[in-house]
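A.B. asks: For reference, the file my_file.csv (CSV, N, CA and C atoms) is included below:
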```
chain,number,residue,atom,x,y,z
R,1,MET,N,-117.0,94.7,198.5
R,1,MET,CA,-117.4,95.5,197.4
R,1,MET,C,-116.2,95.8,196.5
R,2,GLU,N,-115.0,95.9,197.1
R,2,GLU,CA,-113.8,96.2,196.3
R,2,GLU,C,-113.4,95.0,195.4
R,3,THR,N,-113.6,93.8,196.0
R,3,THR,CA,-113.3,92.6,195.1
R,3,THR,C,-114.3,92.5,194.0
R,4,LEU,N,-115.6,92.8,194.2
R,4,LEU,CA,-116.5,92.8,193.1
R,4,LEU,C,-116.1,93.9,192.1
R,5,GLN,N,-115.7,95.0,192.5
R,5,GLN,CA,-115.3,96.0,191.6
R,5,GLN,C,-114.1,95.6,190.8
R,6,ALA,N,-113.1,94.9,191.4
R,6,ALA,CA,-111.9,94.4,190.7
R,6,ALA,C,-112.3,93.4,189.7
R,7,LEU,N,-113.3,92.5,190.1
R,7,LEU,CA,-113.7,91.5,189.2
R,7,LEU,C,-114.4,92.1,188.0
R,8,LEU,N,-115.3,93.1,188.2
R,8,LEU,CA,-115.9,93.7,187.1
R,8,LEU,C,-115.0,94.5,186.2
R,9,LEU,N,-113.9,95.0,186.8
R,9,LEU,CA,-112.9,95.7,186.0
R,9,LEU,C,-112.1,94.7,185.1
R,10,VAL,N,-111.9,93.5,185.6
R,10,VAL,CA,-111.2,92.5,184.8
R,10,VAL,C,-112.1,92.0,183.7
R,11,VAL,N,-113.4,91.8,184.0
R,11,VAL,CA,-114.4,91.4,183.0
R,11,VAL,C,-114.5,92.5,181.9
R,12,GLN,N,-114.4,93.8,182.3
R,12,GLN,CA,-114.5,94.9,181.4
R,12,GLN,C,-113.3,94.9,180.4
R,13,VAL,N,-112.1,94.6,180.9
R,13,VAL,CA,-110.9,94.6,180.0
R,13,VAL,C,-111.0,93.4,179.1
R,14,ILE,N,-111.4,92.3,179.6
R,14,ILE,CA,-111.5,91.1,178.7
R,14,ILE,C,-112.6,91.3,177.6
R,15,CYS,N,-113.7,91.8,178.0
R,15,CYS,CA,-114.8,92.1,177.1
R,15,CYS,C,-114.4,93.1,176.0
R,16,ALA,N,-113.7,94.1,176.4
R,16,ALA,CA,-113.2,95.1,175.5
R,16,ALA,C,-112.2,94.5,174.5
R,17,PHE,N,-111.3,93.7,175.0
R,17,PHE,CA,-110.4,93.0,174.1
R,17,PHE,C,-111.1,92.1,173.1
R,18,ALA,N,-112.0,91.3,173.6
R,18,ALA,CA,-112.8,90.4,172.8
R,18,ALA,C,-113.6,91.2,171.7
R,19,LEU,N,-114.2,92.3,172.1
R,19,LEU,CA,-115.0,93.1,171.2
R,19,LEU,C,-114.1,93.6,170.0
R,20,ILE,N,-112.9,94.0,170.4
R,20,ILE,CA,-112.0,94.5,169.4
R,20,ILE,C,-111.6,93.4,168.4
R,21,CYS,N,-111.3,92.2,169.0
R,21,CYS,CA,-111.0,91.1,168.1
R,21,CYS,C,-112.1,90.6,167.2
R,22,PHE,N,-113.3,90.5,167.8
R,22,PHE,CA,-114.5,90.1,166.9
R,22,PHE,C,-114.8,91.1,165.9
R,23,ILE,N,-114.7,92.4,166.2
R,23,ILE,CA,-115.0,93.4,165.2
R,23,ILE,C,-114.0,93.4,164.0
R,24,LEU,N,-112.7,93.2,164.4
R,24,LEU,CA,-111.7,93.1,163.3
R,24,LEU,C,-111.8,91.9,162.5
R,25,VAL,N,-112.3,90.8,163.0
R,25,VAL,CA,-112.4,89.6,162.2
R,25,VAL,C,-113.5,89.6,161.2
R,26,GLN,N,-114.6,90.4,161.5
R,26,GLN,CA,-115.7,90.5,160.6
R,26,GLN,C,-115.4,91.1,159.3
R,27,ARG,N,-116.0,90.6,158.2
R,27,ARG,CA,-115.9,91.2,156.9
R,27,ARG,C,-116.8,92.4,156.7
R,28,GLY,N,-116.3,93.3,156.0
R,28,GLY,CA,-117.1,94.5,155.7
R,28,GLY,C,-118.1,94.2,154.5
R,29,LYS,N,-118.9,95.2,154.2
R,29,LYS,CA,-119.9,95.0,153.1
R,29,LYS,C,-119.2,95.0,151.8
R,30,GLY,N,-118.0,95.7,151.7
R,30,GLY,CA,-117.3,95.7,150.4
R,30,GLY,C,-116.5,94.4,150.1
R,31,ALA,N,-116.4,93.5,151.1
R,31,ALA,CA,-115.7,92.3,150.9
R,31,ALA,C,-116.4,91.3,150.1
R,32,ASP,N,-117.7,91.5,149.9
R,32,ASP,CA,-118.5,90.5,149.1
R,32,ASP,C,-118.1,90.5,147.6
R,33,ALA,N,-117.5,91.6,147.2
R,33,ALA,CA,-117.1,91.6,145.8
R,33,ALA,C,-115.9,90.7,145.6
R,34,GLY,N,-115.1,90.4,146.6
R,34,GLY,CA,-114.0,89.6,146.5
R,34,GLY,C,-114.3,88.1,146.4
R,35,VAL,N,-115.6,87.7,146.6
R,35,VAL,CA,-116.0,86.3,146.5
R,35,VAL,C,-115.8,85.8,145.1
R,36,ALA,N,-116.1,86.7,144.1
R,36,ALA,CA,-115.9,86.3,142.7
R,36,ALA,C,-114.5,86.0,142.3
R,37,PHE,N,-113.6,86.5,143.1
R,37,PHE,CA,-112.2,86.3,142.7
R,37,PHE,C,-111.5,85.2,143.6
R,38,GLY,N,-112.2,84.5,144.4
R,38,GLY,CA,-111.7,83.4,145.1
R,38,GLY,C,-111.5,83.6,146.6
R,39,SER,N,-111.8,84.7,147.1
R,39,SER,CA,-111.5,84.9,148.6
R,39,SER,C,-112.7,84.5,149.4
R,40,GLY,N,-113.7,83.9,148.8
R,40,GLY,CA,-114.9,83.5,149.6
R,40,GLY,C,-114.7,82.1,150.2
R,41,ALA,N,-113.7,81.4,149.9
R,41,ALA,CA,-113.5,80.0,150.4
R,41,ALA,C,-113.2,80.0,151.9
R,42,SER,N,-112.8,81.1,152.5
R,42,SER,CA,-112.5,81.1,153.9
R,42,SER,C,-113.8,81.2,154.8
R,43,ALA,N,-114.9,81.5,154.2
R,43,ALA,CA,-116.2,81.6,154.9
R,43,ALA,C,-116.8,80.2,155.2
R,44,THR,N,-116.2,79.1,154.6
R,44,THR,CA,-116.8,77.8,154.8
R,44,THR,C,-116.4,77.2,156.1
R,45,VAL,N,-115.6,77.8,156.9
R,45,VAL,CA,-115.2,77.3,158.2
R,45,VAL,C,-116.4,77.4,159.1
R,46,PHE,N,-117.2,78.4,159.0
R,46,PHE,CA,-118.3,78.6,159.9
R,46,PHE,C,-119.6,78.0,159.4
R,47,GLY,N,-119.6,77.3,158.3
R,47,GLY,CA,-120.8,76.8,157.7
R,47,GLY,C,-121.2,77.4,156.4
R,48,ALA,N,-122.3,77.0,155.8
R,48,ALA,CA,-122.7,77.5,154.5
R,48,ALA,C,-123.1,78.9,154.6
R,49,SER,N,-123.7,79.4,155.7
R,49,SER,CA,-124.1,80.8,155.8
R,49,SER,C,-123.0,81.7,156.1
R,50,GLY,N,-121.8,81.2,156.3
R,50,GLY,CA,-120.6,82.1,156.5
R,50,GLY,C,-120.5,82.5,158.0
R,51,SER,N,-119.6,83.3,158.3
R,51,SER,CA,-119.3,83.7,159.7
R,51,SER,C,-120.1,84.9,160.1
R,52,SER,N,-120.8,85.5,159.2
R,52,SER,CA,-121.5,86.8,159.6
R,52,SER,C,-122.5,86.6,160.7
R,53,ASN,N,-123.3,85.5,160.7
R,53,ASN,CA,-124.4,85.3,161.7
R,53,ASN,C,-123.7,85.1,163.0
R,54,PHE,N,-122.8,84.2,163.1
R,54,PHE,CA,-122.1,83.8,164.4
R,54,PHE,C,-121.4,85.0,165.0
R,55,LEU,N,-120.6,85.7,164.1
R,55,LEU,CA,-119.8,86.8,164.6
R,55,LEU,C,-120.7,88.0,165.0
R,56,THR,N,-121.8,88.2,164.2
R,56,THR,CA,-122.7,89.3,164.6
R,56,THR,C,-123.4,89.1,165.9
R,57,LYS,N,-123.9,87.9,166.1
R,57,LYS,CA,-124.5,87.6,167.4
R,57,LYS,C,-123.6,87.7,168.6
R,58,THR,N,-122.3,87.2,168.4
R,58,THR,CA,-121.3,87.2,169.5
R,58,THR,C,-120.9,88.7,169.8
R,59,THR,N,-120.8,89.5,168.7
R,59,THR,CA,-120.4,90.9,168.9
R,59,THR,C,-121.5,91.6,169.6
R,60,THR,N,-122.8,91.3,169.3
R,60,THR,CA,-123.9,91.9,169.9
R,60,THR,C,-124.0,91.6,171.4
R,61,ALA,N,-123.7,90.3,171.7
R,61,ALA,CA,-123.7,89.8,173.1
R,61,ALA,C,-122.6,90.5,173.9
R,62,LEU,N,-121.4,90.6,173.3
R,62,LEU,CA,-120.3,91.2,174.0
R,62,LEU,C,-120.5,92.7,174.2
R,63,ALA,N,-121.1,93.3,173.3
R,63,ALA,CA,-121.5,94.8,173.4
R,63,ALA,C,-122.5,95.0,174.6
R,64,PHE,N,-123.4,94.1,174.7
R,64,PHE,CA,-124.4,94.1,175.7
R,64,PHE,C,-123.8,93.9,177.1
R,65,VAL,N,-122.9,93.0,177.2
R,65,VAL,CA,-122.2,92.7,178.5
R,65,VAL,C,-121.3,93.9,178.8
R,66,PHE,N,-120.6,94.5,177.8
R,66,PHE,CA,-119.8,95.6,178.0
R,66,PHE,C,-120.6,96.8,178.5
R,67,LEU,N,-121.8,97.0,178.0
R,67,LEU,CA,-122.6,98.2,178.4
R,67,LEU,C,-123.1,98.0,179.8
R,68,LEU,N,-123.6,96.8,180.1
R,68,LEU,CA,-124.1,96.5,181.5
R,68,LEU,C,-122.9,96.6,182.5
R,69,ASN,N,-121.8,96.1,182.1
R,69,ASN,CA,-120.6,96.2,183.0
R,69,ASN,C,-120.2,97.6,183.2
R,70,SER,N,-120.2,98.4,182.2
R,70,SER,CA,-119.9,99.9,182.3
R,70,SER,C,-120.9,100.6,183.3
R,71,LEU,N,-122.1,100.2,183.1
R,71,LEU,CA,-123.1,100.8,184.0
R,71,LEU,C,-122.9,100.4,185.5
R,72,ALA,N,-122.6,99.1,185.7
R,72,ALA,CA,-122.4,98.6,187.1
R,72,ALA,C,-121.1,99.3,187.7
R,73,LEU,N,-120.1,99.5,186.9
R,73,LEU,CA,-118.9,100.1,187.4
R,73,LEU,C,-119.1,101.6,187.7
R,74,ALA,N,-119.9,102.3,186.9
R,74,ALA,CA,-120.2,103.7,187.1
R,74,ALA,C,-121.1,103.8,188.4
R,75,TRP,N,-122.0,102.9,188.6
R,75,TRP,CA,-122.9,102.9,189.8
R,75,TRP,C,-122.0,102.7,191.0
R,76,MET,N,-121.1,101.8,191.0
R,76,MET,CA,-120.2,101.5,192.1
R,76,MET,C,-119.3,102.7,192.4
R,77,ALA,N,-118.8,103.4,191.4
R,77,ALA,CA,-118.0,104.5,191.6
R,77,ALA,C,-118.8,105.7,192.3
R,78,LYS,N,-120.1,105.8,191.8
R,78,LYS,CA,-120.9,106.8,192.4
R,78,LYS,C,-121.2,106.5,193.9
R,79,GLU,N,-121.5,105.3,194.2
R,79,GLU,CA,-121.7,104.9,195.6
R,79,GLU,C,-120.5,105.1,196.5
R,80,ARG,N,-119.3,104.8,195.9
R,80,ARG,CA,-118.1,105.0,196.7
R,80,ARG,C,-117.9,106.5,196.9
R,81,SER,N,-118.2,107.3,195.9
R,81,SER,CA,-118.1,108.8,196.1
R,81,SER,C,-119.0,109.3,197.1
R,82,MET,N,-120.3,108.8,197.1
R,82,MET,CA,-121.2,109.2,198.1
R,82,MET,C,-120.8,108.8,199.5
R,83,GLU,N,-120.3,107.6,199.7
R,83,GLU,CA,-119.8,107.2,201.0
R,83,GLU,C,-118.6,108.1,201.5
R,84,ALA,N,-117.7,108.4,200.6
R,84,ALA,CA,-116.6,109.3,201.0
R,84,ALA,C,-117.1,110.7,201.4
R,85,ARG,N,-118.1,111.1,200.7
R,85,ARG,CA,-118.7,112.5,201.0
R,85,ARG,C,-119.4,112.4,202.4
R,86,GLU,N,-120.1,111.3,202.7
R,86,GLU,CA,-120.7,111.2,204.0
R,86,GLU,C,-119.7,111.2,205.1
R,87,LEU,N,-118.6,110.6,204.9
R,87,LEU,CA,-117.5,110.5,205.9
R,87,LEU,C,-116.6,111.7,205.9
R,88,ASN,N,-116.9,112.7,205.1
R,88,ASN,CA,-116.0,113.9,205.0
R,88,ASN,C,-114.6,113.6,204.6
R,89,ILE,N,-114.4,112.6,203.7
R,89,ILE,CA,-113.1,112.3,203.3
R,89,ILE,C,-112.7,113.1,202.0
R,90,VAL,N,-113.6,113.8,201.5
R,90,VAL,CA,-113.4,114.6,200.3
R,90,VAL,C,-112.4,115.7,200.6
R,91,VAL,N,-111.4,115.8,199.7
R,91,VAL,CA,-110.4,116.8,199.9
R,91,VAL,C,-111.0,118.2,199.7
R,92,PRO,N,-110.9,119.1,200.7
R,92,PRO,CA,-111.5,120.5,200.5
R,92,PRO,C,-110.9,121.2,199.3
R,93,GLU,N,-111.7,122.1,198.8
R,93,GLU,CA,-111.2,122.9,197.6
R,93,GLU,C,-110.1,123.9,198.1
R,94,ALA,N,-109.3,124.3,197.2
R,94,ALA,CA,-108.2,125.2,197.6
R,94,ALA,C,-108.8,126.5,198.0
R,95,MET,N,-108.2,127.1,199.0
R,95,MET,CA,-108.7,128.4,199.5
R,95,MET,C,-108.2,129.5,198.6
R,96,GLU,N,-109.1,130.4,198.3
R,96,GLU,CA,-108.8,131.5,197.4
R,96,GLU,C,-108.0,132.6,198.1
R,97,GLN,N,-106.9,133.1,197.5
R,97,GLN,CA,-106.1,134.1,198.2
R,97,GLN,C,-106.7,135.5,197.8
R,98,PRO,N,-106.7,136.4,198.7
R,98,PRO,CA,-107.1,137.8,198.3
R,98,PRO,C,-106.2,138.4,197.3
R,99,VAL,N,-106.6,139.3,196.6
R,99,VAL,CA,-105.8,140.0,195.6
R,99,VAL,C,-104.6,140.7,196.2
R,100,GLU,N,-104.7,141.2,197.4
R,100,GLU,CA,-103.6,141.9,198.1
R,100,GLU,C,-102.5,140.9,198.3
R,101,ASP,N,-102.8,139.7,198.7
R,101,ASP,CA,-101.7,138.7,199.0
R,101,ASP,C,-100.9,138.4,197.7
R,102,ILE,N,-101.6,138.3,196.6
R,102,ILE,CA,-101.0,138.0,195.3
R,102,ILE,C,-100.1,139.1,194.9
R,103,GLU,N,-100.5,140.4,195.1
R,103,GLU,CA,-99.6,141.5,194.8
R,103,GLU,C,-98.4,141.5,195.7
R,104,VAL,N,-98.5,141.1,196.9
R,104,VAL,CA,-97.4,141.1,197.8
R,104,VAL,C,-96.4,140.0,197.3
R,105,ILE,N,-96.9,138.9,196.9
R,105,ILE,CA,-96.0,137.8,196.4
R,105,ILE,C,-95.3,138.3,195.1
R,106,LEU,N,-96.0,139.0,194.3
R,106,LEU,CA,-95.4,139.5,193.0
R,106,LEU,C,-94.3,140.5,193.3
R,107,ASP,N,-94.5,141.3,194.4
R,107,ASP,CA,-93.5,142.3,194.7
R,107,ASP,C,-92.2,141.7,195.2
R,108,GLU,N,-92.3,140.4,195.7
R,108,GLU,CA,-91.1,139.8,196.3
R,108,GLU,C,-90.2,139.1,195.2
R,109,VAL,N,-90.5,139.2,193.9
R,109,VAL,CA,-89.7,138.7,192.9
R,109,VAL,C,-88.4,139.5,192.8
R,110,PRO,N,-87.3,138.8,192.7
R,110,PRO,CA,-86.0,139.6,192.6
R,110,PRO,C,-86.0,140.4,191.3
R,111,GLN,N,-85.3,141.6,191.4
R,111,GLN,CA,-85.3,142.5,190.3
R,111,GLN,C,-84.2,142.1,189.3
R,112,ASP,N,-83.2,141.3,189.6
R,112,ASP,CA,-82.1,141.0,188.7
R,112,ASP,C,-82.4,139.8,187.8
R,113,VAL,N,-83.7,139.3,187.8
R,113,VAL,CA,-84.1,138.2,187.0
R,113,VAL,C,-84.4,138.7,185.6
R,114,PRO,N,-83.8,138.2,184.5
R,114,PRO,CA,-84.1,138.7,183.2
R,114,PRO,C,-85.6,138.4,182.8
R,115,ASP,N,-86.1,139.1,181.9
R,115,ASP,CA,-87.4,139.0,181.4
R,115,ASP,C,-87.7,137.7,180.6
R,116,SER,N,-86.6,137.2,180.0
R,116,SER,CA,-86.8,136.0,179.2
R,116,SER,C,-85.6,135.0,179.4
R,117,ASP,N,-85.9,133.8,179.2
R,117,ASP,CA,-84.9,132.7,179.3
R,117,ASP,C,-84.0,132.6,178.0
R,118,ILE,N,-84.4,133.3,177.0
R,118,ILE,CA,-83.7,133.2,175.7
R,118,ILE,C,-82.5,134.2,175.8
R,119,PRO,N,-81.4,133.7,175.5
R,119,PRO,CA,-80.2,134.6,175.6
R,119,PRO,C,-80.2,135.6,174.4
R,120,SER,N,-79.7,136.8,174.7
R,120,SER,CA,-79.7,137.8,173.7
R,120,SER,C,-78.5,137.5,172.7
R,121,ILE,N,-78.7,138.0,171.5
R,121,ILE,CA,-77.7,137.8,170.4
R,121,ILE,C,-76.7,138.9,170.5
R,122,PRO,N,-75.4,138.6,170.6
R,122,PRO,CA,-74.5,139.7,170.6
R,122,PRO,C,-74.4,140.3,169.2
R,123,GLU,N,-74.2,141.6,169.2
R,123,GLU,CA,-74.2,142.4,168.0
R,123,GLU,C,-72.8,142.5,167.4
```
Would you mind giving the structure from this file in structure tokens?

C.D. replies:
Amino acid sequence: METLQALLLVVQVICAFALICFILVQRGKGADAGVAFGSGASATVFGASGSSNFLTKTTTALAFVFLLNSLALAWMAKERSMEARELNIVVPEAMEQPVEDIEVILDEVPQDVPDSDIPSIPE
């Protein structure tokens, strides 16, 4: 189960990096105005329809894989937590101290300690 989780984590990182790259490569809606001034020649690499169809479909597929992978990792983490709880491996919560004990601890502070760390200004 740990090797599967490690594999899914590697897939998650690769998918996240690929999503970032594909999103940054896509042109925005405002970039269509630049076609009139000569910047539209770069879209011919992906064919006559441009790169929008290919990049959009690839980004959608990567987002779907990223979502499913996130759900699988969350489910595995929940299962691991439930197993640890069944085996009583969970670290117990800190015990609360009574108010009397806290007052005793505060009374043990030395009296010669200054109130502030900031040195006083000589007059």

A.B. asks: Give the answer as one residue: which of R:Leu87, R:Leu68, R:Met82, R:Ala77 has the shortest atom-to-atom distance to Gln12 of chain R, using only C-alpha atoms?

C.D. replies: R:Leu68

A.B. asks: Which value, in Å to one decimal, gives the distance between atom C of Ala84 of chain R and atom N of Asn69 of chain R?

C.D. replies: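 Distance between the two atoms: 24.7 Å.
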
A.B. asks: What does the distance between atom C of Gly28 of chain R and atom N of Thr60 of chain R come to in Å, to one decimal place?

C.D. replies: 15.8 Å

A.B. asks: Suppose you want the space between atom CA of Thr3 of chain R and atom CA of Ser70 of chain R; what is it in Å?

C.D. replies: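 Computing it gives 16.1 Å between the two atoms.
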
A.B. asks: Here is a test: counting only C-alpha atoms, which residue of R:Glu83, R:Ala72, R:Ser120, R:Leu62 is nearest to Leu9 of chain R?

C.D. replies: R:Ala72

A.B. asks: For each of R:Val10, R:Ile118, R:Cys21, R:Cys15, take the minimum atom-to-atom distance to Val65 of chain R, counting only N, CA and C atoms, then give the residue where this is smallest.

C.D. replies: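 Using only N, CA and C atoms, Val65 of chain R sits closest to R:Cys15.
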
A.B. asks: So which one's closest to Phe22 of chain R, R:Pro122, R:Thr59, R:Glu79, R:Asp117? Using only C-alpha atoms, please.

C.D. replies: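 Of the candidates, the smallest distance to Phe22 of chain R is held by R:Thr59.
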